$ cat target_23.cif   # mmCIF, C-alpha atoms
data_work
loop_
_atom_site.group_PDB
_atom_site.id
_atom_site.type_symbol
_atom_site.label_atom_id
_atom_site.label_comp_id
_atom_site.auth_asym_id
_atom_site.auth_seq_id
_atom_site.Cartn_x
_atom_site.Cartn_y
_atom_site.Cartn_z
ATOM 1 C CA MET A 1 77.721 34.277 72.597
ATOM 2 C CA ASN A 2 78.782 31.019 74.186
ATOM 3 C CA PHE A 3 76.251 28.196 73.993
ATOM 4 C CA ALA A 4 78.690 25.506 75.220
ATOM 5 C CA ASP A 5 77.149 25.320 78.696
ATOM 6 C CA HIS A 6 73.452 25.517 77.913
ATOM 7 C CA GLY A 7 73.219 24.625 74.218
ATOM 8 C CA PHE A 8 71.729 21.214 75.039
ATOM 9 C CA TYR A 9 68.861 22.713 77.043
ATOM 10 C CA LEU A 10 68.169 25.380 74.427
ATOM 11 C CA LEU A 11 68.088 22.689 71.735
ATOM 12 C CA LEU A 12 65.789 20.585 73.900
ATOM 13 C CA ALA A 13 63.396 23.501 74.431
ATOM 14 C CA TYR A 14 63.308 24.918 70.898
ATOM 15 C CA GLY A 15 63.644 21.565 69.116
ATOM 16 C CA ALA A 16 60.721 19.952 70.939
ATOM 17 C CA SER A 17 58.563 23.089 70.673
ATOM 18 C CA GLY A 18 59.217 23.451 66.938
ATOM 19 C CA ALA A 19 58.591 19.747 66.334
ATOM 20 C CA LEU A 20 55.275 19.869 68.253
ATOM 21 C CA LEU A 21 54.035 22.969 66.416
ATOM 22 C CA VAL A 22 55.000 21.615 62.986
ATOM 23 C CA ALA A 23 53.431 18.224 63.828
ATOM 24 C CA GLU A 24 50.165 19.918 64.804
ATOM 25 C CA ALA A 25 50.127 21.969 61.592
ATOM 26 C CA LEU A 26 50.794 18.860 59.457
ATOM 27 C CA LEU A 27 48.131 16.816 61.254
ATOM 28 C CA MET A 28 45.732 19.701 60.712
ATOM 29 C CA ARG A 29 46.476 19.764 56.989
ATOM 30 C CA ARG A 30 45.819 16.027 56.761
ATOM 31 C CA ARG A 31 42.547 16.419 58.665
ATOM 32 C CA CYS A 32 41.471 19.272 56.391
ATOM 33 C CA ARG A 33 42.081 17.131 53.330
ATOM 34 C CA ARG A 34 39.938 14.348 54.815
ATOM 35 C CA ALA A 35 37.212 16.860 55.730
ATOM 36 C CA ALA A 36 37.297 18.293 52.209
ATOM 37 C CA GLU A 37 36.369 14.864 50.892
ATOM 38 C CA LEU A 38 33.151 15.050 52.943
ATOM 39 C CA GLU A 39 32.097 18.276 51.253
ATOM 40 C CA PRO A 40 29.546 17.755 48.491
ATOM 41 C CA GLY A 41 30.829 20.852 46.695
ATOM 42 C CA ASP A 42 31.360 24.305 48.071
ATOM 43 C CA ALA A 43 30.514 24.441 51.789
ATOM 44 C CA GLU A 44 28.916 27.865 51.397
ATOM 45 C CA MET B 1 -3.885 40.956 72.984
ATOM 46 C CA THR B 2 -0.252 40.932 72.108
ATOM 47 C CA HIS B 3 1.242 41.849 68.804
ATOM 48 C CA GLU B 4 4.444 40.124 67.879
ATOM 49 C CA LEU B 5 6.437 41.781 65.169
ATOM 50 C CA THR B 6 8.819 39.418 63.485
ATOM 51 C CA THR B 7 10.785 39.894 60.316
ATOM 52 C CA GLY B 8 8.788 37.020 58.877
ATOM 53 C CA SER B 9 5.618 39.119 59.033
ATOM 54 C CA LEU B 10 7.169 42.090 57.235
ATOM 55 C CA PRO B 11 7.037 42.513 53.494
ATOM 56 C CA ALA B 12 10.380 41.858 51.838
ATOM 57 C CA PRO B 13 11.439 45.510 51.235
ATOM 58 C CA LEU B 14 11.109 46.314 54.986
ATOM 59 C CA ARG B 15 13.330 43.440 56.149
ATOM 60 C CA ARG B 16 16.823 44.568 57.015
ATOM 61 C CA PRO B 17 19.573 42.182 55.983
ATOM 62 C CA ALA B 18 21.622 40.921 58.945
ATOM 63 C CA PRO B 19 24.880 42.866 59.371
ATOM 64 C CA ARG B 20 27.986 41.123 58.056
ATOM 65 C CA TRP B 21 29.406 40.315 61.502
ATOM 66 C CA ARG B 22 26.172 38.563 62.439
ATOM 67 C CA ARG B 23 26.124 36.583 59.243
ATOM 68 C CA LEU B 24 29.619 35.373 60.153
ATOM 69 C CA ALA B 25 28.098 33.522 63.121
ATOM 70 C CA SER B 26 26.560 31.154 60.580
ATOM 71 C CA PRO B 27 28.894 28.148 60.222
ATOM 72 C CA PRO B 28 28.630 27.873 56.397
ATOM 73 C CA VAL B 29 29.428 31.603 55.978
ATOM 74 C CA PHE B 30 32.270 31.412 58.486
ATOM 75 C CA HIS B 31 33.678 28.353 56.687
ATOM 76 C CA GLY B 32 34.415 30.421 53.597
ATOM 77 C CA PHE B 33 35.577 33.451 55.584
ATOM 78 C CA ALA B 34 38.027 31.395 57.666
ATOM 79 C CA GLY B 35 39.389 29.702 54.556
ATOM 80 C CA ARG B 36 40.463 33.059 53.156
ATOM 81 C CA LEU B 37 42.260 34.018 56.415
ATOM 82 C CA VAL B 38 44.254 30.830 57.073
ATOM 83 C CA PRO B 39 47.085 31.359 54.510
ATOM 84 C CA GLY B 40 47.594 34.968 55.661
ATOM 85 C CA PHE B 41 47.897 34.022 59.331
ATOM 86 C CA ALA B 42 50.188 31.076 58.502
ATOM 87 C CA GLY B 43 52.496 33.360 56.515
ATOM 88 C CA LEU B 44 52.413 36.018 59.228
ATOM 89 C CA ALA B 45 53.287 33.435 61.902
ATOM 90 C CA THR B 46 56.296 32.242 59.889
ATOM 91 C CA VAL B 47 57.635 35.758 59.270
ATOM 92 C CA LEU B 48 57.115 36.857 62.899
ATOM 93 C CA ALA B 49 58.710 33.682 64.288
ATOM 94 C CA LEU B 50 61.784 34.108 62.074
ATOM 95 C CA ALA B 51 62.062 37.773 63.084
ATOM 96 C CA GLY B 52 61.561 36.922 66.771
ATOM 97 C CA LEU B 53 64.208 34.187 66.718
ATOM 98 C CA TRP B 54 66.627 36.482 64.898
ATOM 99 C CA VAL B 55 66.139 39.272 67.455
ATOM 100 C CA GLY B 56 66.206 36.796 70.363
ATOM 101 C CA PHE B 57 69.353 34.930 69.331
ATOM 102 C CA ALA B 58 71.337 37.393 67.193
ATOM 103 C CA ILE B 59 70.560 40.820 68.641
ATOM 104 C CA ALA B 60 69.450 40.472 72.283
ATOM 105 C CA PRO B 61 72.453 40.562 74.623
ATOM 106 C CA THR B 62 73.555 37.768 76.944
ATOM 107 C CA ASP B 63 72.018 38.010 80.414
ATOM 108 C CA HIS B 64 74.685 38.922 82.959
ATOM 109 C CA GLN B 65 73.260 36.528 85.600
ATOM 110 C CA GLN B 66 71.839 33.579 83.663
ATOM 111 C CA GLY B 67 74.079 33.583 80.592
ATOM 112 C CA GLU B 68 72.589 32.127 77.388
ATOM 113 C CA ILE B 69 69.985 29.896 79.042
ATOM 114 C CA TYR B 70 67.684 32.884 79.536
ATOM 115 C CA ARG B 71 66.998 32.737 75.748
ATOM 116 C CA ILE B 72 64.435 30.037 76.518
ATOM 117 C CA ILE B 73 62.081 32.874 77.530
ATOM 118 C CA PHE B 74 61.556 33.723 73.837
ATOM 119 C CA ILE B 75 59.450 30.554 73.517
ATOM 120 C CA HIS B 76 58.564 29.852 77.167
ATOM 121 C CA VAL B 77 56.838 33.148 78.023
ATOM 122 C CA PRO B 78 54.793 33.455 74.768
ATOM 123 C CA ALA B 79 53.701 29.807 75.107
ATOM 124 C CA ALA B 80 52.605 30.405 78.718
ATOM 125 C CA TRP B 81 50.719 33.572 77.705
ATOM 126 C CA MET B 82 48.994 31.756 74.849
ATOM 127 C CA SER B 83 48.045 28.790 77.077
ATOM 128 C CA MET B 84 46.054 31.158 79.330
ATOM 129 C CA PHE B 85 44.751 33.446 76.559
ATOM 130 C CA ILE B 86 43.456 30.555 74.444
ATOM 131 C CA TYR B 87 41.713 29.080 77.474
ATOM 132 C CA LEU B 88 39.910 32.369 78.145
ATOM 133 C CA VAL B 89 38.859 32.735 74.498
ATOM 134 C CA ALA B 90 37.648 29.107 74.381
ATOM 135 C CA ALA B 91 35.680 29.675 77.601
ATOM 136 C CA LEU B 92 34.194 32.892 76.178
ATOM 137 C CA HIS B 93 32.975 30.973 73.132
ATOM 138 C CA ALA B 94 31.629 28.246 75.430
ATOM 139 C CA GLY B 95 29.679 30.869 77.375
ATOM 140 C CA LEU B 96 28.299 32.426 74.177
ATOM 141 C CA GLY B 97 27.213 28.981 73.004
ATOM 142 C CA LEU B 98 25.447 28.262 76.290
ATOM 143 C CA VAL B 99 23.710 31.649 76.597
ATOM 144 C CA PHE B 100 22.784 32.418 72.986
ATOM 145 C CA GLY B 101 22.795 28.911 71.535
ATOM 146 C CA THR B 102 25.053 29.950 68.675
ATOM 147 C CA ARG B 103 26.128 26.999 66.557
ATOM 148 C CA LEU B 104 29.595 28.307 65.759
ATOM 149 C CA SER B 105 30.718 29.033 69.338
ATOM 150 C CA PRO B 106 31.133 25.440 70.604
ATOM 151 C CA LEU B 107 33.002 24.601 67.407
ATOM 152 C CA MET B 108 35.399 27.482 68.100
ATOM 153 C CA SER B 109 35.992 26.144 71.623
ATOM 154 C CA ARG B 110 36.716 22.701 70.171
ATOM 155 C CA ALA B 111 39.044 24.225 67.564
ATOM 156 C CA LEU B 112 41.029 26.241 70.115
ATOM 157 C CA ALA B 113 41.440 23.651 72.875
ATOM 158 C CA PRO B 114 44.043 21.350 71.230
ATOM 159 C CA THR B 115 46.298 24.321 70.412
ATOM 160 C CA GLY B 116 45.844 25.651 73.953
ATOM 161 C CA ALA B 117 46.853 22.261 75.336
ATOM 162 C CA LEU B 118 49.872 22.219 73.017
ATOM 163 C CA PHE B 119 51.066 25.637 74.216
ATOM 164 C CA THR B 120 50.590 24.482 77.828
ATOM 165 C CA VAL B 121 52.808 21.460 77.139
ATOM 166 C CA ILE B 122 55.396 23.746 75.496
ATOM 167 C CA ALA B 123 55.309 26.162 78.464
ATOM 168 C CA LEU B 124 55.820 23.294 80.918
ATOM 169 C CA TRP B 125 58.475 21.590 78.792
ATOM 170 C CA THR B 126 60.535 24.720 78.120
ATOM 171 C CA GLY B 127 60.167 25.701 81.779
ATOM 172 C CA ALA B 128 61.634 22.323 82.746
ATOM 173 C CA ALA B 129 64.506 22.801 80.273
ATOM 174 C CA TRP B 130 65.212 26.169 81.916
ATOM 175 C CA GLY B 131 64.723 24.862 85.482
ATOM 176 C CA LYS B 132 67.234 22.015 85.274
ATOM 177 C CA PRO B 133 70.357 24.147 84.667
ATOM 178 C CA THR B 134 69.037 27.090 86.735
ATOM 179 C CA TRP B 135 67.332 25.489 89.753
ATOM 180 C CA GLY B 136 68.973 22.056 89.454
ATOM 181 C CA ALA B 137 65.588 20.340 89.022
ATOM 182 C CA TRP B 138 63.335 19.600 86.049
ATOM 183 C CA TRP B 139 60.244 20.062 88.185
ATOM 184 C CA VAL B 140 59.263 21.529 91.554
ATOM 185 C CA TRP B 141 55.770 21.636 93.086
ATOM 186 C CA ASP B 142 55.760 25.410 92.907
ATOM 187 C CA ALA B 143 52.409 27.291 92.792
ATOM 188 C CA ARG B 144 53.018 28.641 89.250
ATOM 189 C CA LEU B 145 54.100 25.274 87.834
ATOM 190 C CA THR B 146 51.352 23.336 89.597
ATOM 191 C CA SER B 147 48.573 25.704 88.481
ATOM 192 C CA GLU B 148 49.891 25.550 84.895
ATOM 193 C CA LEU B 149 49.834 21.737 85.125
ATOM 194 C CA ILE B 150 46.204 21.964 86.309
ATOM 195 C CA LEU B 151 45.509 24.043 83.176
ATOM 196 C CA LEU B 152 46.855 21.180 81.052
ATOM 197 C CA PHE B 153 44.589 18.734 82.902
ATOM 198 C CA LEU B 154 41.619 21.057 82.277
ATOM 199 C CA TYR B 155 42.372 21.113 78.541
ATOM 200 C CA LEU B 156 42.757 17.316 78.450
ATOM 201 C CA ALA B 157 39.565 16.825 80.474
ATOM 202 C CA TYR B 158 37.673 19.117 78.060
ATOM 203 C CA LEU B 159 38.997 17.300 74.988
ATOM 204 C CA GLY B 160 38.159 13.920 76.521
ATOM 205 C CA LEU B 161 34.704 15.039 77.641
ATOM 206 C CA VAL B 162 33.513 16.525 74.326
ATOM 207 C CA SER B 163 34.619 13.441 72.420
ATOM 208 C CA ALA B 164 32.954 11.054 74.910
ATOM 209 C CA PHE B 165 29.391 11.896 73.825
ATOM 210 C CA GLU B 166 27.729 10.227 70.882
ATOM 211 C CA ASP B 167 25.595 13.333 70.375
ATOM 212 C CA PRO B 168 28.131 16.139 69.739
ATOM 213 C CA ARG B 169 25.688 18.842 70.916
ATOM 214 C CA ARG B 170 25.454 17.245 74.356
ATOM 215 C CA GLY B 171 29.245 17.093 74.361
ATOM 216 C CA ASP B 172 29.358 20.804 73.525
ATOM 217 C CA GLY B 173 27.164 21.633 76.540
ATOM 218 C CA ALA B 174 29.101 19.485 78.998
ATOM 219 C CA GLY B 175 32.418 20.789 77.686
ATOM 220 C CA ALA B 176 31.235 24.393 77.978
ATOM 221 C CA ILE B 177 30.392 23.931 81.672
ATOM 222 C CA LEU B 178 33.816 22.413 82.322
ATOM 223 C CA LEU B 179 35.593 25.231 80.452
ATOM 224 C CA LEU B 180 33.678 27.910 82.362
ATOM 225 C CA ALA B 181 34.320 26.246 85.730
ATOM 226 C CA GLY B 182 38.033 26.062 84.948
ATOM 227 C CA VAL B 183 38.325 29.807 84.242
ATOM 228 C CA VAL B 184 39.000 30.307 87.964
ATOM 229 C CA ASN B 185 42.404 28.672 87.426
ATOM 230 C CA VAL B 186 43.642 31.389 85.015
ATOM 231 C CA PRO B 187 43.926 34.237 87.574
ATOM 232 C CA ILE B 188 45.433 31.705 89.986
ATOM 233 C CA ILE B 189 48.196 31.000 87.442
ATOM 234 C CA TYR B 190 48.777 34.686 86.743
ATOM 235 C CA PHE B 191 48.811 35.882 90.358
ATOM 236 C CA SER B 192 50.423 32.774 91.880
ATOM 237 C CA VAL B 193 53.837 34.450 91.935
ATOM 238 C CA ARG B 194 52.379 37.344 93.952
ATOM 239 C CA TRP B 195 50.021 35.412 96.233
ATOM 240 C CA TRP B 196 52.531 32.760 97.290
ATOM 241 C CA SER B 197 56.244 32.675 97.881
ATOM 242 C CA THR B 198 57.293 30.763 94.786
ATOM 243 C CA LEU B 199 60.562 29.545 93.344
ATOM 244 C CA HIS B 200 59.325 30.724 89.946
ATOM 245 C CA GLN B 201 60.409 34.306 89.335
ATOM 246 C CA GLY B 202 57.857 37.128 89.344
ATOM 247 C CA SER B 203 56.313 38.607 86.202
ATOM 248 C CA THR B 204 58.932 40.223 83.975
ATOM 249 C CA ILE B 205 56.293 42.289 82.189
ATOM 250 C CA ARG B 206 53.533 43.941 84.207
ATOM 251 C CA LEU B 207 50.890 46.419 83.185
ATOM 252 C CA ASP B 208 51.636 48.622 86.213
ATOM 253 C CA ALA B 209 55.448 48.746 85.912
ATOM 254 C CA ALA B 210 58.214 49.149 83.350
ATOM 255 C CA PRO B 211 59.592 45.859 81.931
ATOM 256 C CA ALA B 212 62.624 44.504 83.790
ATOM 257 C CA MET B 213 64.571 43.694 80.605
ATOM 258 C CA THR B 214 66.333 45.463 77.759
ATOM 259 C CA HIS B 215 64.337 46.660 74.756
ATOM 260 C CA THR B 216 65.821 44.058 72.410
ATOM 261 C CA MET B 217 64.891 41.214 74.775
ATOM 262 C CA LEU B 218 61.388 42.632 75.050
ATOM 263 C CA ALA B 219 61.124 43.050 71.260
ATOM 264 C CA GLY B 220 62.179 39.433 70.681
ATOM 265 C CA MET B 221 59.655 38.170 73.203
ATOM 266 C CA LEU B 222 56.793 40.274 71.813
ATOM 267 C CA LEU B 223 57.578 39.203 68.240
ATOM 268 C CA MET B 224 57.477 35.564 69.321
ATOM 269 C CA ALA B 225 54.218 36.174 71.219
ATOM 270 C CA LEU B 226 52.670 37.655 68.062
ATOM 271 C CA ALA B 227 53.997 34.690 66.049
ATOM 272 C CA CYS B 228 52.329 32.277 68.495
ATOM 273 C CA TRP B 229 49.082 34.260 68.233
ATOM 274 C CA ALA B 230 49.161 34.219 64.406
ATOM 275 C CA TYR B 231 49.949 30.466 64.479
ATOM 276 C CA THR B 232 46.964 29.897 66.792
ATOM 277 C CA MET B 233 44.685 31.872 64.470
ATOM 278 C CA ALA B 234 45.836 29.872 61.424
ATOM 279 C CA VAL B 235 45.491 26.460 63.072
ATOM 280 C CA ALA B 236 42.245 27.213 64.927
ATOM 281 C CA LEU B 237 40.586 28.642 61.796
ATOM 282 C CA ALA B 238 41.715 25.637 59.736
ATOM 283 C CA ARG B 239 40.451 23.284 62.443
ATOM 284 C CA VAL B 240 37.073 25.010 62.772
ATOM 285 C CA ARG B 241 36.581 24.622 59.004
ATOM 286 C CA CYS B 242 37.085 20.867 59.399
ATOM 287 C CA LEU B 243 34.713 20.791 62.368
ATOM 288 C CA ILE B 244 32.025 22.704 60.436
ATOM 289 C CA THR B 245 32.280 20.245 57.536
ATOM 290 C CA GLU B 246 32.308 17.196 59.821
ATOM 291 C CA ARG B 247 29.336 18.490 61.869
ATOM 292 C CA ALA B 248 27.339 19.215 58.688
ATOM 293 C CA ALA B 249 28.073 15.713 57.367
ATOM 294 C CA LEU B 250 27.009 14.197 60.692
ATOM 295 C CA GLU B 251 23.762 16.176 60.779
ATOM 296 C CA ALA B 252 23.031 15.212 57.178
ATOM 297 C CA GLN B 253 23.341 11.517 58.123
ATOM 298 C CA SER B 254 20.967 11.762 61.127
#
$ encode --input "target_23.cif" --output "structure tokens"
Amino acid sequence: MNFADHGFYLLLAYGASGALLVAEALLMRRRCRRAAELEPGDAE
Amino acid sequence: MTHELTTGSLPAPLRRPAPRWRRLASPPVFHGFAGRLVPGFAGLATVLALAGLWVGFAIAPTDHQQGEIYRIIFIHVPAAWMSMFIYLVAALHAGLGLVFGTRLSPLMSRALAPTGALFTVIALWTGAAWGKPTWGAWWVWDARLTSELILLFLYLAYLGLVSAFEDPRRGDGAGAILLLAGVVNVPIIYFSVRWWSTLHQGSTIRLDAAPAMTHTMLAGMLLMALACWAYTMAVALARVRCLITERAALEAQS
């Protein structure tokens, strides 16, 4: 495999996609922690 | 004279308990159920993504026409599929909420929409990263690209609309109508490459024809598609738990 020609574009595509997905998951975790503080006890 | 038979009028031993799947439509029950599923889907998404990337980058051969740049399809195609699939599922929940008045359905639509918008951005972004070295342009006003951009605007309009109402239930109703109206765009995206002469290539995988790629390329793409699906399940279920808690807190205040 030779990524010399298109390595930049592959990095751009996968790097940005990975960063966006991880950022969403981390933001979700933070939101869940905040929501858990609203719970009086068990939500069920 | 009419006789209405309701479960409330029956003695306790004759009442049938609601089946489990119907009890899951209750937000408090679903809150606990979703909480048990989130770690499993998150783990599954990680394993499938690692396997998909390994197959896509280490096993799948180099394309004889495009070289290595074709490997963008392992994220681009699954993201594009998920952008349309999530929209349809969110619209289905919106329809269920409108018709049956179920409390969980609009929350599911709200939980799915941000992830759908994210996959639309990823599909457009990775398509641009593929288009620049292949077509010589980051963007062209092609039917497939333009209809996918309209999908992003629909997601953003929905997210803006539901958060614009002080009463979240009114926001749910308005958002549901917008989601259902926008469903017409999904077949336009899918069939755009057949209906119009587009720069974007035709579908690589079709239900009525054999895939135009080697098995290892197909395996890598399907693994990544499953990883994106498992990721969506994990994030949407986690988000709907937050929404259930927030909605309950809001209703308790009013």
$ atom_distance --input "target_23.cif" --atom1 "atom CA of A:Leu26" --atom2 "atom CA of B:Val77"
24.2 Å
$ residues_around --input "target_23.cif" --residues "B:Arg239" --least-positions-apart "5" --cutoff "9 Å" --atoms "only C-alpha atoms" --output "NGL selection string"
(:A and (28-29 or 31-32)) or (:B and (108 or 110-112 or 234 or 244))
$ residues_near_point --input "target_23.cif" --point "(63.3, 31.8, 74.3)" --cutoff "10 Å" --atoms "all atoms listed in the file" --output "compact mmCIF listing (two decimals) with C-alpha atoms, in the coordinates of the input"
# COMPACT_ATOMS: atom_id res chain seq x y z
CA LEU A 10 68.17 25.38 74.43
CA ALA A 13 63.40 23.50 74.43
CA TYR A 14 63.31 24.92 70.90
CA GLY B 52 61.56 36.92 66.77
CA LEU B 53 64.21 34.19 66.72
CA GLY B 56 66.21 36.80 70.36
CA PHE B 57 69.35 34.93 69.33
CA GLU B 68 72.59 32.13 77.39
CA ILE B 69 69.98 29.90 79.04
CA TYR B 70 67.68 32.88 79.54
CA ARG B 71 67.00 32.74 75.75
CA ILE B 72 64.44 30.04 76.52
CA ILE B 73 62.08 32.87 77.53
CA PHE B 74 61.56 33.72 73.84
CA ILE B 75 59.45 30.55 73.52
CA HIS B 76 58.56 29.85 77.17
CA VAL B 77 56.84 33.15 78.02
CA PRO B 78 54.79 33.46 74.77
CA ALA B 79 53.70 29.81 75.11
CA THR B 126 60.54 24.72 78.12
CA TRP B 130 65.21 26.17 81.92
CA MET B 217 64.89 41.21 74.78
CA GLY B 220 62.18 39.43 70.68
CA MET B 221 59.66 38.17 73.20
CA MET B 224 57.48 35.56 69.32
$ resolve_selection --input "target_23.cif" --expression "the PyMOL selection byres ((chain B and resi 81) around 10)" --output "PyMOL selection string"
chain B and resi 76-80+82-86+119-120+123+190+225+228-229
$ residues_near_point --input "target_23.cif" --point "(41.0, 18.1, 76.7)" --cutoff "10 Å" --atoms "only C-alpha atoms" --output "ChimeraX atom specification"
/B:110,113-114,116-117,151-163,175,179
$ resolve_selection --input "target_23.cif" --expression "the PyMOL selection byres ((chain A) within 9 of (chain B))" --output "PyMOL selection string"
chain A and resi 1-3+5-7+9-10+12-14+16-17+20-21+24-25+28-29+31-36+38-39+42-44
$ atom_distance --input "target_23.cif" --atom1 "atom CA of A:Gly18" --atom2 "atom CA of B:Gly40"
19.9 Å
$ closest_residue --input "target_23.cif" --among "B:Val55, B:Val183, B:Leu92, B:Ile189" --to "B:Ala143" --atoms "only C-alpha atoms"
B:Ile189
$ atom_distance --input "target_23.cif" --atom1 "atom CA of B:Thr214" --atom2 "atom CA of B:Ala60"
8.0 Å
